[in-house]
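Note: the block below is start_4.txt and it holds compact mmCIF, C-alpha atoms.
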# COMPACT_ATOMS: atom_id res chain seq x y z
CA MET R 1 -51.40 24.09 3.92
CA ALA R 2 -53.11 27.47 4.14
CA GLY R 3 -52.78 29.55 1.01
CA THR R 4 -51.77 26.62 -1.22
CA THR R 5 -53.58 26.48 -4.55
CA HIS R 6 -54.02 23.44 -6.76
CA ALA R 7 -54.33 23.41 -10.52
CA PRO R 8 -57.77 22.23 -11.56
CA ALA R 9 -57.99 18.67 -12.83
CA PRO R 10 -58.28 18.46 -16.60
CA ALA R 11 -61.79 18.03 -17.95
CA GLY R 12 -60.89 14.60 -19.24
CA ALA R 13 -60.01 13.36 -15.77
CA ALA R 14 -63.46 14.42 -14.57
CA LEU R 15 -65.03 12.37 -17.37
CA ASP R 16 -62.95 9.36 -16.34
CA ASP R 17 -64.17 9.79 -12.77
CA GLU R 18 -67.74 10.06 -13.99
CA ALA R 19 -67.38 6.92 -16.12
CA VAL R 20 -66.07 4.93 -13.15
CA ALA R 21 -68.73 6.29 -10.79
CA LEU R 22 -71.56 5.47 -13.18
CA ASP R 23 -70.12 2.04 -13.84
CA ARG R 24 -69.78 1.20 -10.16
CA ALA R 25 -73.28 2.51 -9.39
CA HIS R 26 -75.24 0.97 -12.25
CA VAL R 27 -73.38 -1.72 -14.24
CA PHE R 28 -73.42 -5.41 -13.30
CA HIS R 29 -70.21 -7.00 -14.57
CA SER R 30 -69.73 -10.48 -16.00
CA TRP R 31 -67.63 -13.13 -14.25
CA SER R 32 -67.05 -10.84 -11.27
CA ALA R 33 -67.76 -10.36 -7.60
CA GLN R 34 -69.34 -6.94 -7.93
CA GLY R 35 -67.69 -5.44 -4.88
CA ALA R 36 -64.23 -6.18 -6.27
CA VAL R 37 -64.70 -4.63 -9.71
CA ALA R 38 -62.16 -1.91 -10.56
CA PRO R 39 -63.11 -0.77 -14.06
CA PHE R 40 -60.56 0.50 -16.56
CA VAL R 41 -61.78 3.45 -18.63
CA VAL R 42 -61.49 3.36 -22.41
CA ALA R 43 -62.78 6.50 -24.13
CA GLY R 44 -61.40 6.06 -27.66
CA GLY R 45 -59.05 4.13 -29.86
CA SER R 46 -57.29 3.93 -33.18
CA GLY R 47 -55.52 0.93 -34.64
CA SER R 48 -53.62 -0.78 -31.84
CA THR R 49 -53.93 2.10 -29.34
CA VAL R 50 -56.63 3.11 -26.87
CA TRP R 51 -56.90 6.05 -24.48
CA ASP R 52 -58.98 7.37 -21.62
CA HIS R 53 -60.68 10.77 -21.37
CA ALA R 54 -57.64 12.32 -19.69
CA GLY R 55 -55.52 11.37 -22.69
CA ARG R 56 -53.51 8.52 -21.18
CA ARG R 57 -52.65 6.20 -24.06
CA TYR R 58 -52.18 2.45 -23.97
CA LEU R 59 -50.87 -0.04 -26.48
CA ASP R 60 -53.68 -2.59 -26.68
CA PHE R 61 -52.11 -6.01 -26.29
CA SER R 62 -55.49 -7.51 -25.38
CA SER R 63 -57.51 -6.61 -28.50
CA GLN R 64 -60.19 -6.02 -25.81
CA LEU R 65 -61.44 -9.62 -25.63
CA VAL R 66 -59.19 -10.84 -28.43
CA ASN R 67 -61.59 -9.50 -31.04
CA THR R 68 -60.39 -6.19 -32.52
CA ASN R 69 -58.51 -7.99 -35.27
CA ILE R 70 -58.75 -5.06 -37.69
CA GLY R 71 -57.87 -2.60 -34.93
CA HIS R 72 -59.89 0.14 -33.31
CA GLN R 73 -62.02 2.50 -35.40
CA HIS R 74 -60.93 1.30 -38.83
CA PRO R 75 -62.30 4.06 -41.09
CA ARG R 76 -63.69 1.73 -43.76
CA VAL R 77 -65.66 -0.28 -41.24
CA VAL R 78 -66.92 2.78 -39.37
CA GLU R 79 -68.05 4.36 -42.63
CA ALA R 80 -69.81 1.16 -43.71
CA ILE R 81 -71.78 1.10 -40.46
CA ARG R 82 -72.63 4.78 -40.86
CA ALA R 83 -73.81 4.30 -44.45
CA GLN R 84 -75.91 1.27 -43.55
CA ALA R 85 -77.48 3.13 -40.61
CA ALA R 86 -78.56 5.88 -42.99
CA GLU R 87 -80.11 3.32 -45.35
CA LEU R 88 -81.69 0.62 -43.11
CA THR R 89 -80.91 -0.05 -39.47
CA THR R 90 -82.83 -3.29 -38.91
CA VAL R 91 -84.78 -5.90 -40.80
CA ALA R 92 -86.44 -9.24 -39.98
CA PRO R 93 -84.27 -12.31 -40.57
CA ALA R 94 -86.83 -13.93 -42.90
CA THR R 95 -86.37 -11.15 -45.45
CA ALA R 96 -83.70 -10.95 -48.12
CA ASN R 97 -81.26 -8.15 -47.43
CA LEU R 98 -78.31 -7.15 -49.58
CA ALA R 99 -75.96 -6.55 -46.64
CA ARG R 100 -76.68 -10.02 -45.23
CA GLY R 101 -76.17 -11.76 -48.55
CA ARG R 102 -72.94 -9.92 -49.20
CA ALA R 103 -71.66 -10.75 -45.71
CA ALA R 104 -72.38 -14.45 -46.19
CA ARG R 105 -70.60 -14.41 -49.54
CA ALA R 106 -67.60 -12.60 -48.03
CA VAL R 107 -67.21 -15.13 -45.21
CA LEU R 108 -67.73 -18.16 -47.45
CA GLY R 109 -65.11 -16.77 -49.79
CA HIS R 110 -62.45 -17.77 -47.25
CA ALA R 111 -63.94 -21.13 -46.25
CA PRO R 112 -63.37 -24.57 -47.79
CA ASP R 113 -65.59 -25.40 -50.77
CA ARG R 114 -67.82 -27.81 -48.86
CA PHE R 115 -69.46 -24.90 -46.99
CA ALA R 116 -72.43 -23.45 -48.81
CA LYS R 117 -74.38 -21.25 -46.41
CA VAL R 118 -74.06 -19.22 -43.22
CA PHE R 119 -76.51 -19.14 -40.32
CA PHE R 120 -75.93 -15.75 -38.71
CA THR R 121 -76.15 -15.27 -34.95
CA ASN R 122 -75.57 -12.48 -32.46
CA GLY R 123 -72.21 -13.79 -31.26
CA GLY R 124 -70.07 -16.81 -30.55
CA ALA R 125 -72.11 -18.43 -27.79
CA ASP R 126 -75.30 -18.69 -29.83
CA ALA R 127 -73.26 -19.79 -32.84
CA ASN R 128 -72.11 -22.78 -30.79
CA GLU R 129 -75.64 -23.34 -29.47
CA ASN R 130 -77.01 -23.59 -32.99
CA ALA R 131 -74.14 -25.70 -34.28
CA ILE R 132 -74.84 -28.20 -31.49
CA ARG R 133 -78.54 -28.15 -32.42
CA MET R 134 -77.74 -28.79 -36.08
CA ALA R 135 -75.44 -31.70 -35.21
CA ARG R 136 -78.01 -33.33 -32.93
CA LEU R 137 -80.78 -33.04 -35.50
CA HIS R 138 -78.53 -34.18 -38.35
CA THR R 139 -77.32 -37.31 -36.52
CA GLY R 140 -80.32 -38.07 -34.33
CA ARG R 141 -77.89 -38.40 -31.43
CA ASP R 142 -77.51 -36.41 -28.23
CA LYS R 143 -74.03 -36.27 -26.72
CA VAL R 144 -71.42 -33.60 -27.37
CA VAL R 145 -67.73 -34.22 -26.60
CA SER R 146 -65.53 -31.20 -25.87
CA HIS R 147 -62.28 -30.38 -24.08
CA TYR R 148 -61.86 -29.58 -20.41
CA ARG R 149 -59.55 -26.72 -21.40
CA SER R 150 -62.00 -24.76 -23.50
CA TYR R 151 -64.48 -21.92 -23.58
CA HIS R 152 -67.50 -21.94 -25.90
CA GLY R 153 -69.72 -19.18 -24.50
CA ASN R 154 -72.12 -18.29 -21.72
CA THR R 155 -75.44 -19.76 -22.87
CA GLY R 156 -77.16 -23.03 -22.01
CA ALA R 157 -75.34 -25.69 -24.02
CA ALA R 158 -72.30 -23.57 -24.85
CA VAL R 159 -71.32 -23.00 -21.23
CA VAL R 160 -71.76 -26.69 -20.42
CA ALA R 161 -69.61 -27.59 -23.42
CA THR R 162 -67.04 -25.25 -21.87
CA GLY R 163 -64.49 -27.08 -19.80
CA ASP R 164 -63.25 -24.50 -17.30
CA TRP R 165 -64.67 -23.45 -13.92
CA ARG R 166 -67.46 -21.40 -15.49
CA ARG R 167 -69.24 -24.61 -16.46
CA VAL R 168 -69.67 -25.91 -12.92
CA PRO R 169 -72.28 -23.44 -11.56
CA ASN R 170 -74.17 -23.52 -14.88
CA GLU R 171 -74.66 -27.20 -15.65
CA TYR R 172 -78.26 -27.17 -16.81
CA ALA R 173 -77.83 -28.66 -20.31
CA ARG R 174 -77.79 -32.37 -21.00
CA GLY R 175 -75.56 -34.73 -22.89
CA HIS R 176 -72.11 -33.17 -22.46
CA VAL R 177 -68.91 -35.18 -22.07
CA HIS R 178 -65.40 -33.77 -21.61
CA VAL R 179 -61.95 -35.06 -22.49
CA PHE R 180 -58.42 -33.76 -22.09
CA GLY R 181 -56.86 -32.22 -25.15
CA PRO R 182 -53.16 -31.99 -25.94
CA TYR R 183 -51.13 -29.69 -23.66
CA LEU R 184 -47.57 -30.97 -23.58
CA TYR R 185 -46.31 -28.49 -20.98
CA ARG R 186 -48.76 -29.97 -18.46
CA SER R 187 -49.41 -33.30 -20.10
CA GLU R 188 -52.17 -35.50 -18.74
CA PHE R 189 -50.64 -38.42 -20.64
CA TRP R 190 -47.03 -38.55 -19.35
CA ALA R 191 -45.90 -37.51 -22.80
CA THR R 192 -42.46 -36.05 -23.46
CA THR R 193 -42.75 -35.16 -27.15
CA PRO R 194 -45.42 -33.50 -29.30
CA GLN R 195 -45.89 -36.79 -31.16
CA GLU R 196 -46.51 -38.72 -27.95
CA GLU R 197 -48.91 -36.04 -26.69
CA CYS R 198 -50.83 -36.12 -29.97
CA GLU R 199 -51.11 -39.90 -30.16
CA ARG R 200 -52.10 -40.33 -26.52
CA ALA R 201 -54.64 -37.50 -26.59
CA LEU R 202 -56.26 -39.06 -29.65
CA THR R 203 -56.33 -42.48 -28.00
CA HIS R 204 -57.94 -40.91 -24.92
CA LEU R 205 -60.57 -39.16 -27.05
CA GLU R 206 -61.45 -42.31 -28.96
CA ARG R 207 -61.65 -44.46 -25.84
CA VAL R 208 -64.04 -41.98 -24.19
CA ILE R 209 -66.25 -42.04 -27.29
CA GLN R 210 -66.18 -45.84 -27.32
CA CYS R 211 -67.10 -45.99 -23.65
CA GLU R 212 -69.89 -43.42 -24.05
CA GLY R 213 -71.24 -45.37 -27.02
CA PRO R 214 -70.40 -43.96 -30.45
CA SER R 215 -74.01 -44.22 -31.58
CA SER R 216 -74.95 -41.73 -28.84
CA VAL R 217 -72.39 -39.05 -29.80
CA ALA R 218 -73.64 -36.30 -32.10
CA ALA R 219 -70.66 -34.00 -32.19
CA ILE R 220 -67.09 -33.30 -31.20
CA LEU R 221 -66.85 -29.56 -30.46
CA LEU R 222 -63.34 -28.12 -30.20
CA GLU R 223 -61.70 -24.74 -30.42
CA SER R 224 -59.24 -25.08 -33.29
CA VAL R 225 -56.75 -23.34 -31.00
CA PRO R 226 -58.08 -23.09 -27.43
CA GLY R 227 -57.78 -19.39 -26.58
CA THR R 228 -58.93 -18.42 -23.12
CA ALA R 229 -57.56 -21.75 -21.88
CA GLY R 230 -54.04 -20.70 -22.82
CA VAL R 231 -53.44 -20.48 -26.61
CA LEU R 232 -52.93 -24.23 -26.82
CA VAL R 233 -51.80 -24.72 -30.39
CA PRO R 234 -52.50 -28.40 -31.17
CA PRO R 235 -49.52 -30.56 -32.12
CA PRO R 236 -49.17 -31.64 -35.75
CA GLY R 237 -51.70 -34.30 -36.62
CA TYR R 238 -54.09 -33.80 -33.73
CA LEU R 239 -56.97 -32.10 -35.53
CA ALA R 240 -56.57 -34.41 -38.50
CA GLY R 241 -56.72 -37.33 -36.06
CA VAL R 242 -59.91 -35.94 -34.52
CA ARG R 243 -61.36 -35.67 -38.03
CA ALA R 244 -60.55 -39.36 -38.64
CA ILE R 245 -62.20 -40.40 -35.36
CA ALA R 246 -65.32 -38.37 -36.18
CA ASP R 247 -65.52 -40.01 -39.62
CA ARG R 248 -65.03 -43.47 -38.16
CA TYR R 249 -68.11 -43.14 -35.95
CA GLY R 250 -70.31 -40.84 -38.02
CA ILE R 251 -69.84 -37.92 -35.64
CA VAL R 252 -70.15 -34.26 -36.68
CA LEU R 253 -66.94 -32.27 -36.17
CA ILE R 254 -67.57 -28.68 -35.07
CA LEU R 255 -64.58 -26.36 -34.92
CA ASP R 256 -65.01 -23.21 -32.85
CA GLU R 257 -63.15 -20.36 -34.56
CA VAL R 258 -64.76 -17.59 -32.50
CA MET R 259 -61.44 -16.40 -31.10
CA ALA R 260 -58.96 -18.04 -33.45
CA GLY R 261 -60.56 -17.10 -36.76
CA PHE R 262 -60.18 -14.21 -39.21
CA GLY R 263 -56.47 -13.62 -39.04
CA ARG R 264 -55.73 -14.18 -35.38
CA THR R 265 -53.45 -17.17 -36.01
CA GLY R 266 -52.02 -15.77 -39.23
CA SER R 267 -54.54 -17.49 -41.51
CA TRP R 268 -58.18 -16.81 -42.26
CA PHE R 269 -59.21 -19.83 -40.19
CA ALA R 270 -56.93 -21.52 -37.68
CA PHE R 271 -57.82 -24.97 -39.02
CA ASP R 272 -56.30 -23.95 -42.38
CA GLN R 273 -52.91 -24.70 -40.79
CA HIS R 274 -53.86 -28.22 -39.67
CA ASP R 275 -54.93 -30.12 -42.80
CA VAL R 276 -58.51 -30.59 -41.65
CA VAL R 277 -61.98 -29.54 -42.81
CA PRO R 278 -64.77 -29.70 -40.22
CA ASP R 279 -68.51 -30.22 -40.80
CA LEU R 280 -69.56 -27.01 -39.04
CA VAL R 281 -67.53 -23.89 -38.20
CA THR R 282 -68.58 -21.32 -35.62
CA PHE R 283 -67.25 -17.77 -35.76
CA ALA R 284 -67.80 -14.28 -34.31
CA LYS R 285 -65.43 -11.69 -32.77
CA GLY R 286 -62.79 -11.20 -35.44
CA VAL R 287 -65.15 -11.30 -38.43
CA ASN R 288 -65.88 -7.59 -37.87
CA SER R 289 -63.75 -6.90 -34.79
CA GLY R 290 -66.88 -6.72 -32.65
CA TYR R 291 -67.80 -3.27 -33.98
CA VAL R 292 -71.42 -4.51 -34.05
CA PRO R 293 -72.14 -7.91 -32.42
CA ALA R 294 -72.19 -10.71 -34.99
CA GLY R 295 -71.48 -14.41 -35.21
CA GLY R 296 -72.43 -17.36 -37.31
CA VAL R 297 -72.23 -21.01 -38.31
CA LEU R 298 -70.71 -22.15 -41.58
CA VAL R 299 -72.85 -25.10 -42.67
CA SER R 300 -71.56 -27.88 -44.92
CA GLU R 301 -73.63 -29.15 -47.83
CA GLU R 302 -74.19 -32.51 -46.13
CA ILE R 303 -75.77 -30.93 -43.07
CA LEU R 304 -77.69 -28.41 -45.16
CA ALA R 305 -79.41 -31.31 -46.92
CA THR R 306 -80.91 -32.41 -43.59
CA PHE R 307 -82.93 -29.21 -43.54
CA ASP R 308 -84.05 -29.08 -47.17
CA GLU R 309 -87.45 -30.52 -46.27
CA ARG R 310 -87.18 -30.39 -42.48
CA VAL R 311 -87.71 -27.21 -40.50
CA PHE R 312 -84.67 -26.02 -38.61
CA PRO R 313 -86.06 -25.15 -35.15
CA GLY R 314 -83.89 -22.15 -34.41
CA GLY R 315 -83.68 -18.45 -35.08
CA LEU R 316 -82.83 -15.05 -33.66
CA THR R 317 -84.46 -11.65 -34.08
CA TYR R 318 -81.13 -10.06 -34.97
CA SER R 319 -79.80 -12.86 -37.21
CA GLY R 320 -77.91 -11.07 -39.96
CA HIS R 321 -78.54 -7.61 -38.52
CA PRO R 322 -77.83 -5.03 -41.27
CA LEU R 323 -75.40 -2.93 -39.23
CA ALA R 324 -73.41 -6.01 -38.23
CA MET R 325 -73.47 -7.34 -41.78
CA ALA R 326 -72.22 -4.05 -43.23
CA ALA R 327 -69.36 -4.22 -40.72
CA VAL R 328 -68.58 -7.80 -41.79
CA VAL R 329 -68.46 -6.89 -45.48
CA ALA R 330 -66.21 -3.89 -44.87
CA SER R 331 -63.95 -5.77 -42.45
CA VAL R 332 -63.36 -8.72 -44.76
CA ALA R 333 -62.74 -6.39 -47.72
CA ALA R 334 -60.30 -4.26 -45.74
CA MET R 335 -58.47 -7.34 -44.48
CA GLU R 336 -58.14 -8.60 -48.05
CA ASP R 337 -57.03 -5.28 -49.52
CA GLU R 338 -54.62 -4.35 -46.75
CA GLY R 339 -52.98 -7.75 -46.21
CA VAL R 340 -54.12 -7.88 -42.59
CA VAL R 341 -53.97 -11.67 -42.31
CA GLU R 342 -50.53 -11.72 -43.92
CA ASN R 343 -49.40 -9.01 -41.49
CA ALA R 344 -50.54 -11.10 -38.52
CA ALA R 345 -48.57 -14.07 -39.82
CA ALA R 346 -45.44 -11.98 -40.37
CA ILE R 347 -45.69 -10.32 -36.95
CA GLY R 348 -45.82 -13.75 -35.35
CA THR R 349 -42.93 -15.19 -37.33
CA ASP R 350 -40.65 -12.17 -37.44
CA VAL R 351 -41.37 -10.25 -34.25
CA LEU R 352 -43.47 -11.86 -31.52
CA GLY R 353 -42.08 -15.37 -31.81
CA PRO R 354 -38.41 -14.37 -31.57
CA ALA R 355 -38.98 -11.55 -29.06
CA LEU R 356 -41.08 -13.64 -26.69
CA THR R 357 -38.62 -16.53 -26.92
CA ALA R 358 -35.79 -14.18 -25.98
CA LEU R 359 -37.87 -12.80 -23.14
CA ALA R 360 -38.49 -16.32 -21.82
CA GLU R 361 -34.78 -17.10 -21.93
CA ALA R 362 -34.00 -14.00 -19.89
CA GLN R 363 -36.89 -14.10 -17.41
CA PRO R 364 -37.18 -17.09 -15.04
CA LEU R 365 -40.85 -16.32 -14.38
CA VAL R 366 -41.69 -17.54 -17.89
CA GLY R 367 -42.13 -21.28 -18.02
CA GLU R 368 -43.29 -21.60 -21.62
CA VAL R 369 -44.02 -19.48 -24.68
CA ARG R 370 -46.49 -20.75 -27.28
CA GLY R 371 -48.47 -19.28 -30.11
CA THR R 372 -48.78 -18.30 -33.74
CA GLY R 373 -49.69 -15.15 -35.64
CA VAL R 374 -50.84 -12.56 -33.10
CA PHE R 375 -52.07 -15.28 -30.73
CA TRP R 376 -49.47 -16.01 -28.02
CA ALA R 377 -49.29 -16.87 -24.33
CA LEU R 378 -46.58 -16.73 -21.70
CA GLU R 379 -47.15 -19.22 -18.92
CA LEU R 380 -45.70 -17.84 -15.69
CA VAL R 381 -44.31 -20.16 -13.03
CA ALA R 382 -42.80 -19.73 -9.60
CA ASP R 383 -40.25 -22.43 -10.38
CA ARG R 384 -39.31 -23.77 -13.79
CA GLY R 385 -38.39 -27.15 -12.37
CA THR R 386 -41.72 -27.84 -10.68
CA ARG R 387 -43.72 -25.66 -13.11
CA THR R 388 -45.76 -24.37 -10.18
CA PRO R 389 -48.07 -21.63 -11.49
CA VAL R 390 -47.68 -18.15 -10.06
CA GLY R 391 -50.65 -16.76 -8.16
CA ALA R 392 -52.55 -13.53 -7.72
CA ASP R 393 -49.65 -12.12 -5.72
CA VAL R 394 -47.75 -11.92 -9.01
CA MET R 395 -50.52 -11.45 -11.55
CA GLY R 396 -52.17 -8.51 -9.79
CA PRO R 397 -48.98 -6.44 -9.52
CA LEU R 398 -48.04 -7.47 -13.06
CA LYS R 399 -51.25 -6.00 -14.46
CA ALA R 400 -50.65 -2.78 -12.55
CA ALA R 401 -47.04 -2.62 -13.76
CA CYS R 402 -48.17 -3.03 -17.38
CA LEU R 403 -50.80 -0.30 -17.09
CA ARG R 404 -48.31 2.14 -15.54
CA ARG R 405 -46.14 1.66 -18.62
CA GLY R 406 -48.99 2.23 -21.05
CA LEU R 407 -49.55 -1.43 -21.96
CA LEU R 408 -53.06 -2.90 -21.82
CA PRO R 409 -52.55 -6.63 -21.13
CA PHE R 410 -54.75 -9.72 -21.28
CA LEU R 411 -54.14 -11.82 -18.17
CA ALA R 412 -55.76 -15.17 -17.40
CA GLU R 413 -54.88 -17.35 -14.40
CA ASN R 414 -51.06 -17.60 -14.49
CA ARG R 415 -50.73 -16.47 -18.10
CA VAL R 416 -50.07 -13.33 -20.09
CA HIS R 417 -51.80 -13.60 -23.45
CA VAL R 418 -50.02 -11.51 -26.08
CA VAL R 419 -52.87 -10.77 -28.48
CA PRO R 420 -52.56 -7.37 -30.19
CA PRO R 421 -54.74 -6.51 -33.20
CA CYS R 422 -53.81 -8.15 -36.51
CA VAL R 423 -52.90 -4.68 -37.80
CA VAL R 424 -50.20 -4.13 -35.16
CA THR R 425 -46.98 -2.81 -36.67
CA PRO R 426 -43.57 -4.40 -36.10
CA ALA R 427 -42.51 -1.35 -34.05
CA GLN R 428 -45.61 -1.58 -31.86
CA ALA R 429 -45.13 -5.31 -31.36
CA GLU R 430 -41.51 -4.77 -30.33
CA GLU R 431 -42.53 -1.95 -28.00
CA GLY R 432 -45.21 -4.07 -26.36
CA VAL R 433 -42.85 -6.95 -25.66
CA ALA R 434 -40.26 -4.51 -24.25
CA LEU R 435 -42.87 -2.99 -21.91
CA LEU R 436 -43.97 -6.46 -20.84
CA ALA R 437 -40.36 -7.41 -20.13
CA GLU R 438 -39.99 -4.34 -17.89
CA ALA R 439 -43.19 -5.19 -16.03
CA LEU R 440 -42.10 -8.79 -15.49
CA ALA R 441 -38.72 -7.65 -14.20
CA GLU R 442 -40.48 -5.36 -11.73
CA VAL R 443 -42.63 -8.11 -10.22
CA ALA R 444 -40.13 -10.98 -10.39
CA PRO R 445 -38.94 -12.19 -6.98
CA ALA R 446 -35.53 -10.90 -6.03
This structure in structure tokens:
Amino acid sequence: MAGTTHAPAPAGAALDDEAVALDRAHVFHSWSAQGAVAPFVVAGGSGSTVWDHAGRRYLDFSSQLVNTNIGHQHPRVVEAIRAQAAELTTVAPATANLARGRAARAVLGHAPDRFAKVFFTNGGADANENAIRMARLHTGRDKVVSHYRSYHGNTGAAVVATGDWRRVPNEYARGHVHVFGPYLYRSEFWATTPQEECERALTHLERVIQCEGPSSVAAILLESVPGTAGVLVPPPGYLAGVRAIADRYGIVLILDEVMAGFGRTGSWFAFDQHDVVPDLVTFAKGVNSGYVPAGGVLVSEEILATFDERVFPGGLTYSGHPLAMAAVVASVAAMEDEGVVENAAAIGTDVLGPALTALAEAQPLVGEVRGTGVFWALELVADRGTRTPVGADVMGPLKAACLRRGLLPFLAENRVHVVPPCVVTPAQAEEGVALLAEALAEVAPA
């Protein structure tokens, strides 16, 4: 209309527009059809909250990619990175460096006694790559058994060990075999109780190993709690049963703690809750909340002995990078001093567990709630009787409804993963579940 004036957009909104424009013009996104990408702008964060340049704030119930365990911009970790950058920003992995040694000691301080050293990597995928390599060299065997419902990373062997759809266009590595793990809600074994599911899944695993030839199997590689696949907490006895099968056939047990480790499940390692000690442990993400990329393999004394006189044929330029190691040291120390792991356990027991159970009872879209610590999933179904998963016609609007309410969700297939930082407060956890309940009510069929 002639003569109408408009208030200028705030400067922050212009920066958000610029961020989106630059992203769409120049950034190639992972796991995406590029023409369909609609990027979400994050300009800053603190604790369990993030915001864009315009100042819109969101409660982060995604922990980005389930990795900001210590929250956004923890001052002790930021300061440690800053101090290390002023002292030494990079160093070759063959050298001795104080930050690297201290980081290894800090991680091993929360591991079972049988682990003696850490092989540092750049992230979780190459941690799994190198764990597989160690197992093959240690046993002289080739095959790796992993779950169909799993994700182990996007590199050669790791992505083929992965069980979901991302494996199929990337099957260039050899020697990988998949089995079904326990998932009572959608049991592959006609089970009706956790005990039946556990026993039948273990029988299935052992029969596959027997049919493949136990003398050809180097490793069983499992996520202690499969994360991206749906926060599938194993039933009591399953991981211990896998340990027994591995021992029976001389197979290396590798537990992937990339997503589940360092407080996510309410313990330092998820396997701590399952009466099992693996031969190799892979980790990344939560060890320093991804502030600087880092990962690693915890190596047991038995496997270390294989490489006392034999060269280990693996390495990375940035193995034990000083900035990442400083972040690890500060993160582990802060988690110890501030009771971060204990907070995650209490949030799960006292807040998220009860609140999500109540939400499921009130909302017919929710077929099942499962989880522990700050690691939960709601499985959404169109019909509780048939357990038919909801589709994109529900999940797309649900994401939009969450964002409108200031909740940053983690959605995967027909699931909402409730995965706030381990430092989330009870009030924030309650608020997040309340916002999620509103969003679900908005998209639920009439």
Go through R:Tyr183, R:Phe28, R:Tyr291, R:Phe61 one by one, measure the shortest atom-to-atom distance of each to R:Leu436 using only C-alpha atoms, and give the residue with the smallest value.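 For R:Leu436, the nearest of the given residues is R:Phe61.
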Closest atom pairs, stretch 213-242 of chain R residues within 8 Å of stretch 368-385 of chain R, all atoms listed in the file, as CSV:
residue,atom,partner,partner_atom,distance
R:Gly230,CA,R:Ala377,CA,6.3
R:Val231,CA,R:Ala377,CA,6.0
R:Leu232,CA,R:Arg370,CA,7.3
R:Val233,CA,R:Gly371,CA,6.4
Atoms kept (C-alpha atoms) for selection, written as a PDB file, in the coordinates of the input:
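Output file selection36.pdb is given in full below:
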ATOM      1  CA  GLY R 230     -54.040 -20.700 -22.820  1.00  0.00           C
ATOM      2  CA  VAL R 231     -53.440 -20.480 -26.610  1.00  0.00           C
ATOM      3  CA  LEU R 232     -52.930 -24.230 -26.820  1.00  0.00           C
ATOM      4  CA  VAL R 233     -51.800 -24.720 -30.390  1.00  0.00           C
TER       5      VAL R 233
END
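Residue nearest R:Ala294, chosen from R:Ala324, R:Leu137, R:Ala86, R:Val311 and counting all atoms listed in the file: R:Ala324.
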One number please: atom CA of R:Tyr238 to atom CA of R:Val145, in Å, one decimal.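 Straight-line distance from atom CA of R:Tyr238 to atom CA of R:Val145 works out to 15.4 Å.
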Could you check the closest approach to R:Glu188 for each of R:Arg167, R:His176, R:Arg405, R:Arg149 and tell me which residue wins, using only C-alpha atoms? R:Arg149
Name the closest residue to R:Val225 among the candidates R:Ala270, R:Val277, R:Leu316, R:Val37; distances are taken between atoms, counting only C-alpha atoms.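 Counting only C-alpha atoms, the residue closest to R:Val225 is R:Ala270.
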Would you mind telling me which residue in R:Pro235, R:Val144, R:Thr203, R:Val423 lies nearest to R:Arg174 when using all atoms listed in the file? R:Val144
